[in-house]
Amino acid sequence: MTQLTVPEFQHRTVLLDEAVDALDLTGDRAHGIYVDGTFGRGGHSRLILSRLALDARLIGFDKDLQAIATAEQIGDPRFEIVHDSFATMTASLAARGVQQVDGILLDLGISSPQVDDAARGFSFRNDGPLDMRMDTTRGISAAEWLAVETEQKLEKVIRDYGEERFAFQIAKAIVAGRAVQPISSTRQLAGIVAGAVKTREKGKDPATRTFQAIRIFINKELEDLEIGLNQAYACLAPGARMAVISFHSLEDRMVKRFFASKANVEQPDRRLPIRAVDLPQPEMKLILKMKPSDAEIEGNPRSRSAVMRVAQRLPIPVSGGAR
């Protein structure tokens, strides 16, 4: 089997200490089972392992082959990496004899090594093949999708996933451009977008939102997040915490709404004859919302959009009782 070479790109884990602190790996909890749903380059996983007891366990997930290659170098018997999305968490954990875990961390989005490697096609700053797949063993590339998708669907993806107000103009320009020649490189796509966007946000490349939208669509990031949040919750033991770091408003909005749906339970009319013990109870408690400090943003500007939300699963209340 050919060993995958991992290119050297600098990566700074966002909210490193804060996210691991939020899992509360203290006392008996240091002996538990934990999940790092987005291994990346392993910053969070390594710190978690440094705080866990010798009988604890950490299971990581990632779709990226380079992340898997990095994970396989850890060599800690308490750690195992799964080459798949965290959206497969329930089945993947069950296959490993795990039904419940004591904490879950999800660090969403894209890592610096993925952005900085021109060959991955995520960035318009350096020219490269227009791929954008996090898992290059599955699915179609961005170039293949752009070659066949309808103008209406292109517009919808760019508008909905990129929150781009010029989505119509950009989709029209892509269809016109591909009629002349295949759109196969990042610079080529960035140039088409720049020609279609007449005004630019200060300090932001006009292609930023379009590249974000296509990446999210190609990798099914929002679909995975919706499934993954529900599966993660189902795997949490009572008292276990889930910490989620997001990097754009679409992700953060989904996380916020999911946690709120578990923490804020609609109560029936107080005039109804219902005992307090039988009232609907919240399933989670919101612990905190946090953004990177000014010092972290200064040292790592890519962290500026990060938001971390943490919630804890509550014990299942016992209804009824002696009558």
# chains A, B, ... in the order shown; residues from 1 in each chain; ligands from 1
>>> closest_atom_pairs(of="segment 132-238 of chain A", to="segment 75-91 of chain A", cutoff="7 Å", atoms="only C-alpha atoms", output="Markdown table")
| residue | atom | partner | partner_atom | distance |
| --- | --- | --- | --- | --- |
| A:Asp224 | CA | A:Ala87 | CA | 5.2 |
| A:Leu225 | CA | A:Ala87 | CA | 6.9 |
| A:Ile227 | CA | A:Ala87 | CA | 5.5 |
| A:Gly228 | CA | A:Ala87 | CA | 4.1 |
| A:Gln231 | CA | A:Thr90 | CA | 5.8 |
| A:Ala232 | CA | A:Met89 | CA | 6.9 |
| A:Cys235 | CA | A:Thr90 | CA | 6.7 |
>>> write_last_selection(atoms="C-alpha atoms", output="PDB file, in the first residue's frame")
ATOM      1  CA  ASP A 224     -23.738  16.407   7.298  1.00  0.00           C
ATOM      2  CA  LEU A 225     -24.076  18.977  10.073  1.00  0.00           C
ATOM      3  CA  ILE A 227     -27.463  14.707  10.545  1.00  0.00           C
ATOM      4  CA  GLY A 228     -24.342  14.905  12.694  1.00  0.00           C
ATOM      5  CA  GLN A 231     -26.477  11.665  15.872  1.00  0.00           C
ATOM      6  CA  ALA A 232     -24.072  13.350  18.285  1.00  0.00           C
ATOM      7  CA  CYS A 235     -24.699   9.350  21.478  1.00  0.00           C
TER       8      CYS A 235
END
>>> residues_around(residues="Ser303 of chain A", least_positions_apart="6", cutoff="9 Å", atoms="only C-alpha atoms", output="MDAnalysis selection string")
chainID A and resid 12:15 247 291:292 296:297
>>> write_last_selection(atoms="all heavy atoms", output="mmCIF file, in the first residue's frame")
data_model
loop_
_atom_site.group_PDB
_atom_site.id
_atom_site.type_symbol
_atom_site.label_atom_id
_atom_site.label_comp_id
_atom_site.auth_asym_id
_atom_site.auth_seq_id
_atom_site.Cartn_x
_atom_site.Cartn_y
_atom_site.Cartn_z
ATOM 1 N N ARG A 12 -2.997 26.379 12.710
ATOM 2 C CA ARG A 12 -3.211 26.784 14.093
ATOM 3 C C ARG A 12 -4.628 26.397 14.488
ATOM 4 O O ARG A 12 -5.596 26.873 13.889
ATOM 5 C CB ARG A 12 -3.013 28.298 14.250
ATOM 6 C CG ARG A 12 -1.596 28.778 13.924
ATOM 7 C CD ARG A 12 -1.469 30.265 14.200
ATOM 8 N NE ARG A 12 -0.156 30.775 13.828
ATOM 9 C CZ ARG A 12 0.225 32.040 13.971
ATOM 10 N NH1 ARG A 12 -0.630 32.924 14.471
ATOM 11 N NH2 ARG A 12 1.421 32.427 13.621
ATOM 12 N N THR A 13 -4.736 25.559 15.466
ATOM 13 C CA THR A 13 -6.043 25.103 15.918
ATOM 14 C C THR A 13 -6.766 26.245 16.622
ATOM 15 O O THR A 13 -6.243 26.835 17.568
ATOM 16 C CB THR A 13 -5.892 23.911 16.873
ATOM 17 O OG1 THR A 13 -5.153 22.884 16.207
ATOM 18 C CG2 THR A 13 -7.258 23.377 17.285
ATOM 19 N N VAL A 14 -7.962 26.550 16.176
ATOM 20 C CA VAL A 14 -8.735 27.663 16.727
ATOM 21 C C VAL A 14 -9.376 27.245 18.051
ATOM 22 O O VAL A 14 -9.880 26.128 18.182
ATOM 23 C CB VAL A 14 -9.809 28.118 15.716
ATOM 24 C CG1 VAL A 14 -10.708 29.192 16.318
ATOM 25 C CG2 VAL A 14 -9.140 28.627 14.439
ATOM 26 N N LEU A 15 -9.350 28.148 19.026
ATOM 27 C CA LEU A 15 -9.958 27.907 20.341
ATOM 28 C C LEU A 15 -9.496 26.568 20.923
ATOM 29 O O LEU A 15 -10.288 25.782 21.442
ATOM 30 C CB LEU A 15 -11.489 27.954 20.239
ATOM 31 C CG LEU A 15 -12.087 29.337 19.918
ATOM 32 C CD1 LEU A 15 -13.558 29.207 19.523
ATOM 33 C CD2 LEU A 15 -11.960 30.266 21.127
ATOM 34 N N PHE A 247 -17.681 28.503 11.574
ATOM 35 C CA PHE A 247 -16.921 29.601 10.984
ATOM 36 C C PHE A 247 -17.730 30.468 10.035
ATOM 37 O O PHE A 247 -17.184 31.409 9.473
ATOM 38 C CB PHE A 247 -15.682 29.048 10.254
ATOM 39 C CG PHE A 247 -14.626 28.555 11.204
ATOM 40 C CD1 PHE A 247 -14.684 27.267 11.707
ATOM 41 C CD2 PHE A 247 -13.596 29.377 11.613
ATOM 42 C CE1 PHE A 247 -13.728 26.811 12.588
ATOM 43 C CE2 PHE A 247 -12.635 28.933 12.489
ATOM 44 C CZ PHE A 247 -12.699 27.644 12.992
ATOM 45 N N LYS A 291 -16.198 33.421 21.482
ATOM 46 C CA LYS A 291 -15.439 33.758 20.286
ATOM 47 C C LYS A 291 -13.950 33.857 20.649
ATOM 48 O O LYS A 291 -13.610 34.022 21.819
ATOM 49 C CB LYS A 291 -15.932 35.083 19.702
ATOM 50 C CG LYS A 291 -17.376 35.032 19.211
ATOM 51 C CD LYS A 291 -17.786 36.348 18.555
ATOM 52 C CE LYS A 291 -19.209 36.264 18.016
ATOM 53 N NZ LYS A 291 -19.623 37.498 17.315
ATOM 54 N N PRO A 292 -13.069 33.769 19.664
ATOM 55 C CA PRO A 292 -11.634 33.895 19.959
ATOM 56 C C PRO A 292 -11.306 35.250 20.575
ATOM 57 O O PRO A 292 -11.971 36.255 20.303
ATOM 58 C CB PRO A 292 -10.975 33.738 18.584
ATOM 59 C CG PRO A 292 -11.982 33.007 17.764
ATOM 60 C CD PRO A 292 -13.322 33.472 18.244
ATOM 61 N N GLU A 296 -5.818 35.978 20.048
ATOM 62 C CA GLU A 296 -5.831 34.858 19.112
ATOM 63 C C GLU A 296 -6.105 35.340 17.694
ATOM 64 O O GLU A 296 -5.462 34.878 16.735
ATOM 65 C CB GLU A 296 -6.886 33.818 19.510
ATOM 66 C CG GLU A 296 -6.937 32.648 18.536
ATOM 67 C CD GLU A 296 -7.763 31.464 19.004
ATOM 68 O OE1 GLU A 296 -8.384 31.564 20.088
ATOM 69 O OE2 GLU A 296 -7.789 30.435 18.302
ATOM 70 N N ILE A 297 -7.021 36.276 17.536
ATOM 71 C CA ILE A 297 -7.331 36.802 16.204
ATOM 72 C C ILE A 297 -6.124 37.523 15.612
ATOM 73 O O ILE A 297 -5.830 37.383 14.418
ATOM 74 C CB ILE A 297 -8.546 37.750 16.275
ATOM 75 C CG1 ILE A 297 -9.799 36.958 16.641
ATOM 76 C CG2 ILE A 297 -8.754 38.476 14.940
ATOM 77 C CD1 ILE A 297 -11.012 37.807 16.925
#
>>> residues_around(residues="Thr70 of chain A", least_positions_apart="5", cutoff="9 Å", atoms="only C-alpha atoms", output="count of residues only")
5
>>> closest_residue(among="A:Ile74, A:Val101, A:Ile183, A:Leu58", to="Ser141 of chain A", atoms="only C-alpha atoms")
A:Ile183
>>> residues_around(residues="segment 310-315 of chain A", least_positions_apart="6", cutoff="9 Å", atoms="only C-alpha atoms", output="mmCIF file with all heavy atoms, in the first residue's frame")
data_model
loop_
_atom_site.group_PDB
_atom_site.id
_atom_site.type_symbol
_atom_site.label_atom_id
_atom_site.label_comp_id
_atom_site.auth_asym_id
_atom_site.auth_seq_id
_atom_site.Cartn_x
_atom_site.Cartn_y
_atom_site.Cartn_z
ATOM 1 N N ALA A 19 -11.821 25.011 23.785
ATOM 2 C CA ALA A 19 -12.712 23.912 23.383
ATOM 3 C C ALA A 19 -12.493 22.680 24.251
ATOM 4 O O ALA A 19 -13.458 22.025 24.677
ATOM 5 C CB ALA A 19 -12.483 23.570 21.914
ATOM 6 N N ALA A 22 -13.863 23.183 27.653
ATOM 7 C CA ALA A 22 -15.327 23.122 27.659
ATOM 8 C C ALA A 22 -15.848 21.695 27.817
ATOM 9 O O ALA A 22 -16.968 21.491 28.305
ATOM 10 C CB ALA A 22 -15.884 23.735 26.373
ATOM 11 N N LEU A 23 -15.052 20.697 27.427
ATOM 12 C CA LEU A 23 -15.470 19.307 27.586
ATOM 13 C C LEU A 23 -15.384 18.846 29.037
ATOM 14 O O LEU A 23 -15.932 17.795 29.386
ATOM 15 C CB LEU A 23 -14.615 18.387 26.698
ATOM 16 C CG LEU A 23 -14.783 18.568 25.187
ATOM 17 C CD1 LEU A 23 -13.842 17.620 24.444
ATOM 18 C CD2 LEU A 23 -16.218 18.323 24.745
ATOM 19 N N GLY A 103 -18.335 13.026 25.774
ATOM 20 C CA GLY A 103 -18.134 14.360 25.225
ATOM 21 C C GLY A 103 -17.835 14.304 23.747
ATOM 22 O O GLY A 103 -17.236 13.328 23.259
ATOM 23 N N TYR A 233 -26.052 14.084 19.473
ATOM 24 C CA TYR A 233 -26.922 14.172 20.644
ATOM 25 C C TYR A 233 -27.352 12.781 21.101
ATOM 26 O O TYR A 233 -27.360 12.473 22.301
ATOM 27 C CB TYR A 233 -28.153 15.020 20.334
ATOM 28 C CG TYR A 233 -29.176 14.973 21.439
ATOM 29 C CD1 TYR A 233 -28.991 15.699 22.614
ATOM 30 C CD2 TYR A 233 -30.302 14.163 21.318
ATOM 31 C CE1 TYR A 233 -29.909 15.618 23.644
ATOM 32 C CE2 TYR A 233 -31.233 14.083 22.351
ATOM 33 C CZ TYR A 233 -31.031 14.816 23.509
ATOM 34 O OH TYR A 233 -31.940 14.729 24.531
ATOM 35 N N LEU A 236 -24.693 11.096 23.193
ATOM 36 C CA LEU A 236 -24.241 11.726 24.433
ATOM 37 C C LEU A 236 -24.840 11.045 25.651
ATOM 38 O O LEU A 236 -26.051 10.871 25.743
ATOM 39 C CB LEU A 236 -24.631 13.205 24.455
ATOM 40 C CG LEU A 236 -23.808 14.196 23.644
ATOM 41 C CD1 LEU A 236 -24.416 15.581 23.786
ATOM 42 C CD2 LEU A 236 -22.350 14.210 24.068
ATOM 43 N N ALA A 237 -23.998 10.706 26.607
ATOM 44 C CA ALA A 237 -24.484 10.196 27.882
ATOM 45 C C ALA A 237 -25.029 11.356 28.710
ATOM 46 O O ALA A 237 -24.645 12.508 28.495
ATOM 47 C CB ALA A 237 -23.340 9.514 28.630
ATOM 48 N N PRO A 238 -25.924 11.103 29.652
ATOM 49 C CA PRO A 238 -26.391 12.180 30.533
ATOM 50 C C PRO A 238 -25.210 12.845 31.235
ATOM 51 O O PRO A 238 -24.315 12.171 31.741
ATOM 52 C CB PRO A 238 -27.283 11.430 31.536
ATOM 53 C CG PRO A 238 -27.762 10.234 30.789
ATOM 54 C CD PRO A 238 -26.615 9.820 29.919
ATOM 55 N N GLY A 239 -25.196 14.170 31.211
ATOM 56 C CA GLY A 239 -24.093 14.926 31.785
ATOM 57 C C GLY A 239 -22.965 15.210 30.817
ATOM 58 O O GLY A 239 -22.069 16.015 31.112
ATOM 59 N N ALA A 240 -22.969 14.566 29.640
ATOM 60 C CA ALA A 240 -21.915 14.771 28.645
ATOM 61 C C ALA A 240 -22.118 16.086 27.915
ATOM 62 O O ALA A 240 -23.234 16.579 27.763
ATOM 63 C CB ALA A 240 -21.900 13.615 27.649
ATOM 64 N N ARG A 241 -21.024 16.642 27.444
ATOM 65 C CA ARG A 241 -21.057 17.934 26.755
ATOM 66 C C ARG A 241 -20.717 17.797 25.281
ATOM 67 O O ARG A 241 -19.950 16.915 24.885
ATOM 68 C CB ARG A 241 -20.076 18.909 27.407
ATOM 69 C CG ARG A 241 -20.466 19.322 28.810
ATOM 70 C CD ARG A 241 -19.513 20.380 29.333
ATOM 71 N NE ARG A 241 -19.939 20.888 30.641
ATOM 72 C CZ ARG A 241 -19.376 21.929 31.249
ATOM 73 N NH1 ARG A 241 -18.386 22.577 30.662
ATOM 74 N NH2 ARG A 241 -19.813 22.320 32.431
ATOM 75 N N MET A 242 -21.297 18.708 24.498
ATOM 76 C CA MET A 242 -20.982 18.808 23.086
ATOM 77 C C MET A 242 -20.539 20.236 22.799
ATOM 78 O O MET A 242 -21.262 21.186 23.118
ATOM 79 C CB MET A 242 -22.177 18.429 22.214
ATOM 80 C CG MET A 242 -21.920 18.628 20.721
ATOM 81 S SD MET A 242 -23.049 17.716 19.614
ATOM 82 C CE MET A 242 -24.646 18.116 20.283
ATOM 83 N N ALA A 243 -19.354 20.390 22.214
ATOM 84 C CA ALA A 243 -18.825 21.696 21.840
ATOM 85 C C ALA A 243 -18.710 21.754 20.318
ATOM 86 O O ALA A 243 -18.164 20.834 19.705
ATOM 87 C CB ALA A 243 -17.451 21.929 22.476
ATOM 88 N N VAL A 244 -19.231 22.820 19.718
ATOM 89 C CA VAL A 244 -19.216 22.966 18.264
ATOM 90 C C VAL A 244 -18.626 24.324 17.898
ATOM 91 O O VAL A 244 -19.112 25.362 18.366
ATOM 92 C CB VAL A 244 -20.630 22.844 17.662
ATOM 93 C CG1 VAL A 244 -20.552 22.864 16.137
ATOM 94 C CG2 VAL A 244 -21.323 21.576 18.144
ATOM 95 N N ILE A 245 -17.587 24.305 17.071
ATOM 96 C CA ILE A 245 -16.962 25.536 16.577
ATOM 97 C C ILE A 245 -17.358 25.701 15.120
ATOM 98 O O ILE A 245 -17.105 24.821 14.293
ATOM 99 C CB ILE A 245 -15.427 25.481 16.692
ATOM 100 C CG1 ILE A 245 -15.008 25.207 18.140
ATOM 101 C CG2 ILE A 245 -14.804 26.779 16.183
ATOM 102 C CD1 ILE A 245 -13.523 24.928 18.302
ATOM 103 N N PHE A 259 -29.315 23.475 19.486
ATOM 104 C CA PHE A 259 -29.171 23.522 20.941
ATOM 105 C C PHE A 259 -30.419 24.127 21.592
ATOM 106 O O PHE A 259 -30.893 23.642 22.618
ATOM 107 C CB PHE A 259 -27.936 24.322 21.326
ATOM 108 C CG PHE A 259 -26.632 23.577 21.175
ATOM 109 C CD1 PHE A 259 -25.419 24.241 21.249
ATOM 110 C CD2 PHE A 259 -26.614 22.210 20.960
ATOM 111 C CE1 PHE A 259 -24.219 23.562 21.130
ATOM 112 C CE2 PHE A 259 -25.417 21.514 20.826
ATOM 113 C CZ PHE A 259 -24.209 22.190 20.908
ATOM 114 N N LYS A 262 -33.339 21.809 22.017
ATOM 115 C CA LYS A 262 -33.192 20.838 23.100
ATOM 116 C C LYS A 262 -33.252 21.496 24.474
ATOM 117 O O LYS A 262 -33.597 20.841 25.468
ATOM 118 C CB LYS A 262 -31.857 20.090 22.958
ATOM 119 C CG LYS A 262 -31.689 19.308 21.673
ATOM 120 C CD LYS A 262 -32.693 18.185 21.563
ATOM 121 C CE LYS A 262 -32.467 17.351 20.308
ATOM 122 N NZ LYS A 262 -33.498 16.283 20.174
ATOM 123 N N ALA A 263 -32.907 22.780 24.543
ATOM 124 C CA ALA A 263 -32.832 23.466 25.837
ATOM 125 C C ALA A 263 -34.101 24.228 26.187
ATOM 126 O O ALA A 263 -34.422 24.399 27.370
ATOM 127 C CB ALA A 263 -31.638 24.430 25.849
ATOM 128 N N PRO A 282 -36.510 20.177 29.612
ATOM 129 C CA PRO A 282 -35.422 20.396 28.643
ATOM 130 C C PRO A 282 -34.475 19.200 28.608
ATOM 131 O O PRO A 282 -34.291 18.516 29.614
ATOM 132 C CB PRO A 282 -34.721 21.649 29.186
ATOM 133 C CG PRO A 282 -35.081 21.702 30.632
ATOM 134 C CD PRO A 282 -36.458 21.125 30.731
ATOM 135 N N GLU A 283 -33.900 18.958 27.433
ATOM 136 C CA GLU A 283 -32.987 17.826 27.264
ATOM 137 C C GLU A 283 -31.524 18.248 27.324
ATOM 138 O O GLU A 283 -30.645 17.407 27.504
ATOM 139 C CB GLU A 283 -33.270 17.147 25.928
ATOM 140 C CG GLU A 283 -34.695 16.617 25.807
ATOM 141 C CD GLU A 283 -34.989 16.122 24.410
ATOM 142 O OE1 GLU A 283 -34.444 15.062 24.028
ATOM 143 O OE2 GLU A 283 -35.750 16.787 23.689
ATOM 144 N N MET A 284 -31.269 19.539 27.140
ATOM 145 C CA MET A 284 -29.899 20.047 27.207
ATOM 146 C C MET A 284 -29.870 21.365 27.969
ATOM 147 O O MET A 284 -30.889 22.063 28.064
ATOM 148 C CB MET A 284 -29.307 20.267 25.803
ATOM 149 C CG MET A 284 -29.214 19.032 24.936
ATOM 150 S SD MET A 284 -28.212 19.290 23.424
ATOM 151 C CE MET A 284 -26.563 18.951 24.072
ATOM 152 N N LYS A 285 -28.700 21.687 28.477
ATOM 153 C CA LYS A 285 -28.472 22.968 29.139
ATOM 154 C C LYS A 285 -27.394 23.715 28.365
ATOM 155 O O LYS A 285 -26.336 23.153 28.046
ATOM 156 C CB LYS A 285 -28.016 22.755 30.582
ATOM 157 C CG LYS A 285 -27.686 24.040 31.325
ATOM 158 C CD LYS A 285 -27.370 23.777 32.793
ATOM 159 C CE LYS A 285 -26.074 23.027 32.954
ATOM 160 N NZ LYS A 285 -25.679 22.905 34.390
ATOM 161 N N LEU A 286 -27.670 24.958 28.007
ATOM 162 C CA LEU A 286 -26.678 25.762 27.295
ATOM 163 C C LEU A 286 -25.590 26.174 28.276
ATOM 164 O O LEU A 286 -25.859 26.759 29.325
ATOM 165 C CB LEU A 286 -27.347 26.996 26.682
ATOM 166 C CG LEU A 286 -28.538 26.713 25.744
ATOM 167 C CD1 LEU A 286 -29.112 28.015 25.206
ATOM 168 C CD2 LEU A 286 -28.126 25.795 24.603
ATOM 169 N N ILE A 287 -24.347 25.895 27.922
ATOM 170 C CA ILE A 287 -23.218 26.173 28.817
ATOM 171 C C ILE A 287 -22.554 27.501 28.489
ATOM 172 O O ILE A 287 -22.364 28.346 29.352
ATOM 173 C CB ILE A 287 -22.175 25.039 28.759
ATOM 174 C CG1 ILE A 287 -22.816 23.709 29.156
ATOM 175 C CG2 ILE A 287 -20.978 25.342 29.647
ATOM 176 C CD1 ILE A 287 -23.310 23.647 30.571
ATOM 177 N N LEU A 288 -22.200 27.694 27.225
ATOM 178 C CA LEU A 288 -21.550 28.955 26.870
ATOM 179 C C LEU A 288 -21.533 29.173 25.365
ATOM 180 O O LEU A 288 -21.694 28.246 24.579
ATOM 181 C CB LEU A 288 -20.116 29.020 27.424
ATOM 182 C CG LEU A 288 -19.077 27.993 26.946
ATOM 183 C CD1 LEU A 288 -18.424 28.408 25.627
ATOM 184 C CD2 LEU A 288 -17.987 27.809 27.998
ATOM 185 N N LYS A 289 -21.323 30.424 25.016
ATOM 186 C CA LYS A 289 -21.022 30.848 23.646
ATOM 187 C C LYS A 289 -19.743 31.664 23.737
ATOM 188 O O LYS A 289 -19.621 32.541 24.600
ATOM 189 C CB LYS A 289 -22.155 31.695 23.067
ATOM 190 C CG LYS A 289 -21.815 32.321 21.717
ATOM 191 C CD LYS A 289 -22.882 33.322 21.276
ATOM 192 C CE LYS A 289 -22.467 34.060 20.015
ATOM 193 N NZ LYS A 289 -23.451 35.100 19.626
ATOM 194 N N MET A 290 -18.789 31.380 22.855
ATOM 195 C CA MET A 290 -17.487 32.031 22.953
ATOM 196 C C MET A 290 -16.909 32.321 21.579
ATOM 197 O O MET A 290 -17.094 31.540 20.639
ATOM 198 C CB MET A 290 -16.528 31.139 23.749
ATOM 199 C CG MET A 290 -15.100 31.650 23.841
ATOM 200 S SD MET A 290 -14.024 30.507 24.749
ATOM 201 C CE MET A 290 -14.661 30.715 26.410
#
